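**Student:** This one is protein.cif, mmCIF, C-alpha atoms.
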```
data_target
#
loop_
_atom_site.label_atom_id
_atom_site.label_comp_id
_atom_site.auth_asym_id
_atom_site.auth_seq_id
_atom_site.Cartn_x
_atom_site.Cartn_y
_atom_site.Cartn_z
CA ILE B 1 41.13 29.55 -60.13
CA SER B 2 39.51 32.22 -62.27
CA ILE B 3 41.87 34.34 -64.36
CA VAL B 4 40.85 37.95 -65.00
CA ILE B 5 42.62 40.02 -67.67
CA PRO B 6 41.77 43.69 -68.39
CA THR B 7 42.28 44.78 -72.01
CA LEU B 8 42.15 48.01 -73.98
CA LYS B 9 43.38 48.27 -77.57
CA SER B 10 45.89 45.52 -76.89
CA GLU B 11 45.06 42.80 -79.40
CA ALA B 12 48.73 42.05 -80.03
CA GLU B 13 49.44 41.06 -76.41
CA PRO B 14 46.68 38.64 -75.21
CA PRO B 15 47.58 35.71 -77.53
CA ARG B 16 51.06 35.36 -76.01
CA CYS B 17 49.75 35.92 -72.49
CA LEU B 18 47.13 33.21 -73.08
CA GLU B 19 49.66 30.84 -74.62
CA ALA B 20 51.65 30.92 -71.38
CA LEU B 21 48.49 30.03 -69.45
CA MET B 22 47.86 26.81 -71.37
CA GLU B 23 49.83 24.70 -68.93
CA GLY B 24 47.31 25.67 -66.25
CA LEU B 25 44.53 24.18 -68.35
CA ALA B 26 46.46 20.95 -68.79
CA ALA B 27 46.97 20.78 -65.02
CA GLY B 28 43.26 21.30 -64.35
CA LEU B 29 44.08 24.45 -62.41
CA ILE B 30 42.06 27.00 -64.38
CA ARG B 31 38.30 27.09 -63.99
CA GLU B 32 37.63 30.00 -66.34
CA LEU B 33 39.12 32.98 -68.12
CA VAL B 34 37.44 36.37 -67.96
CA ILE B 35 38.57 39.15 -70.30
CA SER B 36 37.29 42.53 -69.16
CA ASP B 37 37.59 44.95 -72.05
CA GLY B 38 37.39 48.73 -72.00
CA GLY B 39 35.69 49.20 -75.36
CA SER B 40 38.41 48.12 -77.80
CA GLN B 41 37.63 48.37 -81.51
CA ASP B 42 40.17 45.71 -82.51
CA HIS B 43 40.18 41.90 -82.54
CA THR B 44 40.02 41.42 -78.76
CA ALA B 45 36.48 40.01 -78.96
CA THR B 46 37.55 37.51 -81.61
CA ILE B 47 40.50 36.38 -79.51
CA ALA B 48 38.26 35.92 -76.47
CA GLU B 49 35.81 33.85 -78.48
CA GLU B 50 38.55 31.66 -79.96
CA VAL B 51 39.90 30.70 -76.52
CA GLY B 52 36.49 30.26 -74.91
CA ALA B 53 36.84 33.19 -72.53
CA GLU B 54 33.98 35.17 -71.08
CA LEU B 55 34.16 38.69 -72.54
CA LEU B 56 32.90 41.69 -70.61
CA SER B 57 32.80 45.17 -72.09
CA GLY B 58 32.41 48.48 -70.30
CA ALA B 59 33.92 51.88 -69.65
CA PRO B 60 37.73 52.09 -69.97
CA SER B 61 39.05 52.19 -66.41
CA ARG B 62 41.43 49.47 -65.31
CA GLY B 63 40.08 49.48 -61.78
CA GLY B 64 36.52 49.28 -63.06
CA GLN B 65 37.41 46.62 -65.61
CA LEU B 66 39.10 44.47 -62.98
CA ARG B 67 36.21 44.96 -60.61
CA ARG B 68 33.68 43.84 -63.24
CA GLY B 69 35.84 40.88 -64.14
CA CYS B 70 36.18 39.73 -60.55
CA GLU B 71 32.46 40.12 -59.95
CA ALA B 72 31.72 37.87 -62.94
CA ALA B 73 34.34 35.24 -62.01
CA GLN B 74 33.19 32.18 -60.09
CA GLY B 75 36.40 30.57 -58.83
CA ASP B 76 37.42 30.31 -55.18
CA TRP B 77 40.70 31.98 -56.12
CA LEU B 78 41.19 34.94 -58.45
CA LEU B 79 44.31 35.52 -60.53
CA MET B 80 44.57 38.98 -62.12
CA LEU B 81 47.04 39.49 -64.96
CA HIS B 82 47.79 42.33 -67.35
CA ALA B 83 47.44 41.49 -71.02
CA ASP B 84 51.14 42.11 -71.70
CA THR B 85 52.32 39.82 -68.89
CA ARG B 86 53.49 36.27 -69.56
CA LEU B 87 54.04 33.83 -66.73
CA SER B 88 57.21 31.76 -66.94
CA ALA B 89 57.13 28.02 -67.59
CA GLY B 90 56.26 25.98 -64.52
CA TRP B 91 53.97 28.62 -63.05
CA SER B 92 51.08 26.18 -62.63
CA ASP B 93 53.14 23.93 -60.32
CA GLU B 94 54.15 26.88 -58.14
CA VAL B 95 50.61 28.26 -57.98
CA SER B 96 49.24 24.79 -57.11
CA ARG B 97 51.84 24.53 -54.35
CA HIS B 98 50.83 27.95 -53.05
CA LEU B 99 47.15 26.96 -52.99
CA GLU B 100 48.03 23.86 -50.97
CA GLN B 101 50.74 25.22 -48.68
CA GLY B 102 50.41 29.00 -48.68
CA GLU B 103 47.93 29.13 -45.79
CA GLY B 104 45.49 31.09 -47.91
CA ARG B 105 47.75 34.13 -48.21
CA PRO B 106 47.52 36.38 -51.28
CA GLY B 107 50.50 36.21 -53.62
CA TYR B 108 52.19 38.03 -56.48
CA PHE B 109 54.93 37.11 -58.96
CA ARG B 110 58.50 38.26 -59.48
CA LEU B 111 58.68 41.00 -62.08
CA ALA B 112 60.98 40.69 -65.10
CA PHE B 113 61.07 42.73 -68.30
CA ARG B 114 61.29 41.22 -71.75
CA ALA B 115 64.46 43.20 -72.35
CA ARG B 116 68.16 42.69 -71.69
CA GLY B 117 70.64 44.89 -69.92
CA LEU B 118 71.42 46.51 -66.61
CA ARG B 119 68.59 49.05 -66.62
CA PRO B 120 65.76 46.53 -67.01
CA ALA B 121 67.33 44.42 -64.27
CA LEU B 122 67.62 47.40 -61.91
CA VAL B 123 64.04 48.59 -62.47
CA ALA B 124 62.66 45.08 -61.99
CA GLY B 125 64.88 44.58 -58.93
CA TRP B 126 63.53 47.74 -57.32
CA ALA B 127 59.94 46.68 -58.05
CA ASN B 128 60.49 43.29 -56.45
CA LEU B 129 62.21 44.84 -53.44
CA ARG B 130 59.35 47.32 -53.00
CA ALA B 131 56.84 44.49 -53.11
CA ARG B 132 58.71 42.45 -50.49
CA LEU B 133 59.47 45.32 -48.10
CA PHE B 134 56.21 47.24 -48.30
CA GLY B 135 53.70 44.69 -49.60
CA LEU B 136 53.10 46.84 -52.68
CA PRO B 137 53.23 44.83 -55.88
CA TYR B 138 52.01 46.60 -59.01
CA GLY B 139 49.50 45.08 -61.39
CA ASP B 140 52.14 43.90 -63.85
CA GLN B 141 53.36 41.49 -61.14
CA GLY B 142 49.99 39.75 -61.12
CA LEU B 143 47.88 39.07 -58.04
CA LEU B 144 46.52 35.77 -56.70
CA VAL B 145 43.96 36.11 -53.93
CA ARG B 146 41.12 34.11 -52.39
CA ARG B 147 37.73 35.39 -53.43
CA SER B 148 36.65 35.63 -49.79
CA ASP B 149 39.63 37.84 -48.93
CA TYR B 150 39.14 39.94 -52.06
CA GLU B 151 35.52 40.59 -51.16
CA ALA B 152 36.30 41.19 -47.48
CA VAL B 153 38.53 44.19 -48.32
CA GLY B 154 36.11 45.65 -50.87
CA GLY B 155 37.84 44.55 -54.08
CA TYR B 156 39.30 46.85 -56.70
CA PRO B 157 38.14 50.47 -56.59
CA ASP B 158 36.71 51.77 -59.86
CA GLN B 159 39.52 54.19 -60.63
CA PRO B 160 41.73 54.71 -63.69
CA LEU B 161 45.11 54.44 -61.95
CA MET B 162 46.65 53.02 -58.77
CA GLU B 163 43.87 50.48 -58.41
CA ASP B 164 46.54 47.83 -57.78
CA VAL B 165 48.14 49.84 -54.97
CA ALA B 166 44.76 50.59 -53.39
CA LEU B 167 43.92 46.87 -53.21
CA SER B 168 47.39 45.78 -52.08
CA LEU B 169 47.31 48.22 -49.18
CA ARG B 170 44.16 46.51 -47.88
CA LEU B 171 45.36 42.93 -48.27
CA LYS B 172 47.31 41.30 -45.46
CA GLY B 173 50.17 38.83 -45.70
CA LEU B 174 51.14 39.27 -49.34
CA VAL B 175 53.93 36.89 -50.37
CA GLU B 176 56.05 36.42 -53.48
CA ILE B 177 55.38 33.29 -55.52
CA PRO B 178 58.62 32.11 -57.21
CA VAL B 179 57.41 32.62 -60.77
CA GLN B 180 58.53 35.31 -63.21
CA ALA B 181 55.90 37.69 -64.55
CA GLN B 182 57.59 38.71 -67.78
CA THR B 183 56.13 42.01 -68.90
CA SER B 184 56.58 44.32 -71.87
CA ALA B 185 59.33 46.93 -71.73
CA ALA B 186 57.80 49.05 -74.52
CA ARG B 187 56.87 52.06 -72.38
CA TYR B 188 60.29 52.13 -70.68
CA GLU B 189 62.10 51.84 -73.99
CA ARG B 190 59.97 54.62 -75.43
CA ASP B 191 60.24 57.05 -72.51
CA GLY B 192 63.62 56.06 -71.12
CA TRP B 193 64.23 53.68 -68.21
CA LEU B 194 65.25 56.31 -65.67
CA ARG B 195 62.61 58.79 -66.73
CA ARG B 196 59.77 56.25 -66.66
CA GLY B 197 60.97 54.80 -63.36
CA ALA B 198 61.18 58.23 -61.74
CA ARG B 199 57.77 59.13 -63.12
CA ASN B 200 56.24 55.99 -61.58
CA LEU B 201 57.79 56.78 -58.21
CA TRP B 202 56.52 60.35 -58.37
CA THR B 203 53.03 59.10 -59.23
CA LEU B 204 53.08 56.71 -56.26
CA ALA B 205 54.27 59.48 -53.93
CA ARG B 206 51.52 61.84 -55.11
CA TYR B 207 48.92 59.11 -54.63
CA ALA B 208 50.19 58.52 -51.08
CA LEU B 209 49.81 62.26 -50.44
CA GLY B 210 46.15 62.13 -51.45
CA VAL B 211 46.11 63.29 -55.09
CA SER B 212 43.05 61.82 -56.82
CA PRO B 213 43.52 58.87 -59.21
CA GLU B 214 41.68 60.81 -61.92
CA ARG B 215 44.12 63.70 -61.71
CA LEU B 216 47.07 61.29 -61.65
CA ALA B 217 45.72 59.47 -64.70
CA ARG B 218 45.47 62.71 -66.67
CA ALA B 219 49.08 63.54 -65.85
CA TYR B 220 50.20 59.98 -66.56
CA ARG B 221 48.63 59.98 -70.03
CA LYS B 222 50.47 63.16 -71.02
#
```
How would this structure read if it were set down as structure tokens?

**Tutor:**
Amino acid sequence: ISIVIPTLKSEAEPPRCLEALMEGLAAGLIRELVISDGGSQDHTATIAEEVGAELLSGAPSRGGQLRRGCEAAQGDWLLMLHADTRLSAGWSDEVSRHLEQGEGRPGYFRLAFRARGLRPALVAGWANLRARLFGLPYGDQGLLVRRSDYEAVGGYPDQPLMEDVALSLRLKGLVEIPVQAQTSAARYERDGWLRRGARNLWTLARYALGVSPERLARAYRK
């Protein structure tokens, strides 16, 4: 598999994300790592060089960054991860099993926050339920998909927000892989769990009603 990670001013996160991926190297599962950067002026390039990753640099747009990364990747399967996501131990065995027994279906991981308490559990539980019921995992849940299927549906759109939803809506047969995708809770802890959760739902609803990703991104950044 080829692993594609978009980055932007996030030098503190990739090392721990990459550390969790090491078991995939030992298992001979990972063909390459592609880091698609949005013009960071930090140590992202140094980190990429140290781990032997291919580094791409371009305009800051997560959809565009993921698209460039997937175009450069050469594996038969693509695994897209956010830089602040760490896969739980044993992920390589579960992914290998999915490649062998999953009938080629695209998969995502079970979301968990690196935080304790009822609110993190409830927000993660809703995200996992949404993914199972509606086939709508977000990018922080990761995405594993065959290159042929990715290309058949047109890949990621070059847009600053909701690129993960746009691709998921076009993929068929998405299934949950029993691996935790442990992601940062920093934005929820900063903004408040209920407020951030409600804001995400409102953004999704507006996107479904046809509001442009560019307009949503401007509102999201405020």

**Student:** Check which residues satisfy the PyMOL selection byres ((chain B and resi 152-161) around 7) in the file shown, then give them as JSON, numbers by chain.

**Tutor:** {"B": [61, 62, 63, 64, 66, 67, 148, 149, 150, 151, 162, 163, 167, 170, 171, 213, 214, 217]}

**Student:** Evaluated on this file, the PyMOL selection byres ((chain B and resi 77) around 6) picks out some residues - which ones are they, written as an MDAnalysis selection string?

**Tutor:** chainID B and resid 1 75:76 78 145:147

**Student:** Evaluate the PyMOL selection byres ((chain B and resi 128-135) around 8) here and jot the selected residues down as a list in words.

**Tutor:**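 With the shown file as input, the PyMOL selection byres ((chain B and resi 128-135) around 8) matches Arg110, Leu111, Ala124, Gly125, Trp126, Ala127, Leu136, Pro137, Tyr138, Ser168, Leu169, Gly173, Leu174, Val175 and Glu176 of chain B.
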
**Student:** Could you pull the residues within 12 Å of Leu25 (chain B), counting only C-alpha atoms, minus those fewer than 4 positions along the same chain, as number ranges by chain?

**Tutor:** B: 1-3, 18-21, 29-33, 51, 91-93

**Student:** Write out as JSON, numbers by chain the residues lying within 9 Å of Phe109 (chain B), counting only C-alpha atoms and excluding same-chain residues fewer than 2 positions away.

**Tutor:** {"B": [87, 107, 111, 128, 137, 140, 141, 142, 143, 144, 175, 176, 177, 178, 179, 180, 181]}

**Student:** Measure the distance from CA of Val4 (chain B) to CA of Arg187 (chain B) in Å and round it to one decimal.

**Tutor:**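 One can read the CA of Val4 (chain B) to CA of Arg187 (chain B) distance as 22.6 Å.
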
**Student:** In terms of the shortest atom-to-atom distance over only C-alpha atoms, which of B:Leu55, B:Ala12, B:Met22, B:Val165 is closest to Asp84 (chain B)?

**Tutor:** B:Ala12

**Student:** Report the distance between CA of Arg97 (chain B) and CA of Gly28 (chain B) in Å, rounded to one decimal place.

**Tutor:**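 Interatomic distance, CA of Arg97 (chain B) to CA of Gly28 (chain B): 13.6 Å.
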
**Student:** Report, in Å with one decimal, the straight-line distance from CA of Arg116 (chain B) to CA of Thr85 (chain B).

**Tutor:** 16.3 Å

**Student:** Between B:Tyr207, B:Pro15, B:Ser96, B:Ala45, which residue has the minimum interatomic distance to Asp164 (chain B), considering only C-alpha atoms?

**Tutor:**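 Going through B:Tyr207, B:Pro15, B:Ser96, B:Ala45 one by one, the smallest distance to Asp164 (chain B) is for B:Tyr207.
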
**Student:** Smallest atom-to-atom distance to Ala89 (chain B): which of B:Leu8, B:Ala72, B:Cys17, B:Ala115, using all atoms listed in the file?

**Tutor:** B:Cys17

**Student:** I need every residue sitting at most 12 Å from the point (52.5, 61.3, -71.4) (coordinates as in the file, only C-alpha atoms considered), written as a ChimeraX atom specification.

**Tutor:** /B:187,190-191,195-196,199-200,216-222

**Student:** Could you write out the selected residues, including C-alpha atoms, as a tab-separated table (two decimals), in the coordinates of the input?

**Tutor:**
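The resulting result-v5.tsv:
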```tsv
chain	number	residue	atom	x	y	z
B	187	ARG	CA	56.87	52.06	-72.38
B	190	ARG	CA	59.97	54.62	-75.43
B	191	ASP	CA	60.24	57.05	-72.51
B	195	ARG	CA	62.61	58.79	-66.73
B	196	ARG	CA	59.77	56.25	-66.66
B	199	ARG	CA	57.77	59.13	-63.12
B	200	ASN	CA	56.24	55.99	-61.58
B	216	LEU	CA	47.07	61.29	-61.65
B	217	ALA	CA	45.72	59.47	-64.70
B	218	ARG	CA	45.47	62.71	-66.67
B	219	ALA	CA	49.08	63.54	-65.85
B	220	TYR	CA	50.20	59.98	-66.56
B	221	ARG	CA	48.63	59.98	-70.03
B	222	LYS	CA	50.47	63.16	-71.02
```

**Student:** Centre and edge lengths, as JSON, for the axis-aligned box enclosing every listed atom of region 53-57 of chain B with 3 Å of padding on each of the six sides, in Å to one decimal?

**Tutor:**
```
{"center_x": 34.8, "center_y": 39.2, "center_z": -71.6, "size_x": 10.0, "size_y": 18.0, "size_z": 7.9}
```

**Student:** What residues have an atom no more than 7 Å from (39.1, 38.2, -67.5) in the file's own frame, counting only C-alpha atoms, and can you write them as a list in words?

**Tutor:** Ile3, Val4, Ile5, Pro6, Leu33, Val34, Ile35, Ser36, Glu54 and Gly69 of chain B

**Student:** Print the selection's residues with C-alpha atoms to a file, as a PDB file, keeping the file's coordinate frame.

**Tutor:**
```
ATOM      1  CA  ILE B   3      41.870  34.340 -64.360  1.00  0.00           C
ATOM      2  CA  VAL B   4      40.850  37.950 -65.000  1.00  0.00           C
ATOM      3  CA  ILE B   5      42.620  40.020 -67.670  1.00  0.00           C
ATOM      4  CA  PRO B   6      41.770  43.690 -68.390  1.00  0.00           C
ATOM      5  CA  LEU B  33      39.120  32.980 -68.120  1.00  0.00           C
ATOM      6  CA  VAL B  34      37.440  36.370 -67.960  1.00  0.00           C
ATOM      7  CA  ILE B  35      38.570  39.150 -70.300  1.00  0.00           C
ATOM      8  CA  SER B  36      37.290  42.530 -69.160  1.00  0.00           C
ATOM      9  CA  GLU B  54      33.980  35.170 -71.080  1.00  0.00           C
ATOM     10  CA  GLY B  69      35.840  40.880 -64.140  1.00  0.00           C
TER      11      GLY B  69
END
```

**Student:** Complete the atom set of region 48-59 of chain B to N, CA, C and O atoms and return it as a PDB file, keeping the file's coordinate frame.

**Tutor:**
```pdb
ATOM      1  N   ALA B  48      38.973  36.477 -77.620  1.00  0.00           N
ATOM      2  CA  ALA B  48      38.260  35.920 -76.470  1.00  0.00           C
ATOM      3  C   ALA B  48      37.365  34.753 -76.884  1.00  0.00           C
ATOM      4  O   ALA B  48      37.308  33.721 -76.206  1.00  0.00           O
ATOM      5  N   GLU B  49      36.692  34.905 -78.002  1.00  0.00           N
ATOM      6  CA  GLU B  49      35.810  33.850 -78.480  1.00  0.00           C
ATOM      7  C   GLU B  49      36.596  32.602 -78.862  1.00  0.00           C
ATOM      8  O   GLU B  49      36.192  31.468 -78.560  1.00  0.00           O
ATOM      9  N   GLU B  50      37.741  32.798 -79.499  1.00  0.00           N
ATOM     10  CA  GLU B  50      38.550  31.660 -79.960  1.00  0.00           C
ATOM     11  C   GLU B  50      39.079  30.818 -78.797  1.00  0.00           C
ATOM     12  O   GLU B  50      39.240  29.602 -78.945  1.00  0.00           O
ATOM     13  N   VAL B  51      39.352  31.451 -77.660  1.00  0.00           N
ATOM     14  CA  VAL B  51      39.900  30.700 -76.520  1.00  0.00           C
ATOM     15  C   VAL B  51      38.823  30.318 -75.505  1.00  0.00           C
ATOM     16  O   VAL B  51      39.128  29.732 -74.468  1.00  0.00           O
ATOM     17  N   GLY B  52      37.576  30.640 -75.799  1.00  0.00           N
ATOM     18  CA  GLY B  52      36.490  30.260 -74.910  1.00  0.00           C
ATOM     19  C   GLY B  52      36.401  31.090 -73.646  1.00  0.00           C
ATOM     20  O   GLY B  52      35.886  30.625 -72.617  1.00  0.00           O
ATOM     21  N   ALA B  53      36.894  32.315 -73.703  1.00  0.00           N
ATOM     22  CA  ALA B  53      36.840  33.190 -72.530  1.00  0.00           C
ATOM     23  C   ALA B  53      35.505  33.911 -72.458  1.00  0.00           C
ATOM     24  O   ALA B  53      34.833  34.125 -73.469  1.00  0.00           O
ATOM     25  N   GLU B  54      35.128  34.293 -71.258  1.00  0.00           N
ATOM     26  CA  GLU B  54      33.980  35.170 -71.080  1.00  0.00           C
ATOM     27  C   GLU B  54      34.447  36.606 -71.321  1.00  0.00           C
ATOM     28  O   GLU B  54      35.422  37.052 -70.712  1.00  0.00           O
ATOM     29  N   LEU B  55      33.768  37.313 -72.215  1.00  0.00           N
ATOM     30  CA  LEU B  55      34.160  38.690 -72.540  1.00  0.00           C
ATOM     31  C   LEU B  55      33.168  39.666 -71.940  1.00  0.00           C
ATOM     32  O   LEU B  55      31.962  39.573 -72.172  1.00  0.00           O
ATOM     33  N   LEU B  56      33.700  40.605 -71.151  1.00  0.00           N
ATOM     34  CA  LEU B  56      32.900  41.690 -70.610  1.00  0.00           C
ATOM     35  C   LEU B  56      33.348  42.982 -71.275  1.00  0.00           C
ATOM     36  O   LEU B  56      34.528  43.152 -71.587  1.00  0.00           O
ATOM     37  N   SER B  57      32.438  43.891 -71.487  1.00  0.00           N
ATOM     38  CA  SER B  57      32.800  45.170 -72.090  1.00  0.00           C
ATOM     39  C   SER B  57      32.159  46.295 -71.292  1.00  0.00           C
ATOM     40  O   SER B  57      31.000  46.197 -70.868  1.00  0.00           O
ATOM     41  N   GLY B  58      32.918  47.350 -71.074  1.00  0.00           N
ATOM     42  CA  GLY B  58      32.410  48.480 -70.300  1.00  0.00           C
ATOM     43  C   GLY B  58      33.315  49.684 -70.462  1.00  0.00           C
ATOM     44  O   GLY B  58      34.162  49.731 -71.357  1.00  0.00           O
ATOM     45  N   ALA B  59      33.135  50.647 -69.585  1.00  0.00           N
ATOM     46  CA  ALA B  59      33.920  51.880 -69.650  1.00  0.00           C
ATOM     47  C   ALA B  59      35.403  51.583 -69.431  1.00  0.00           C
ATOM     48  O   ALA B  59      35.763  50.700 -68.645  1.00  0.00           O
TER      49      ALA B  59
END
```
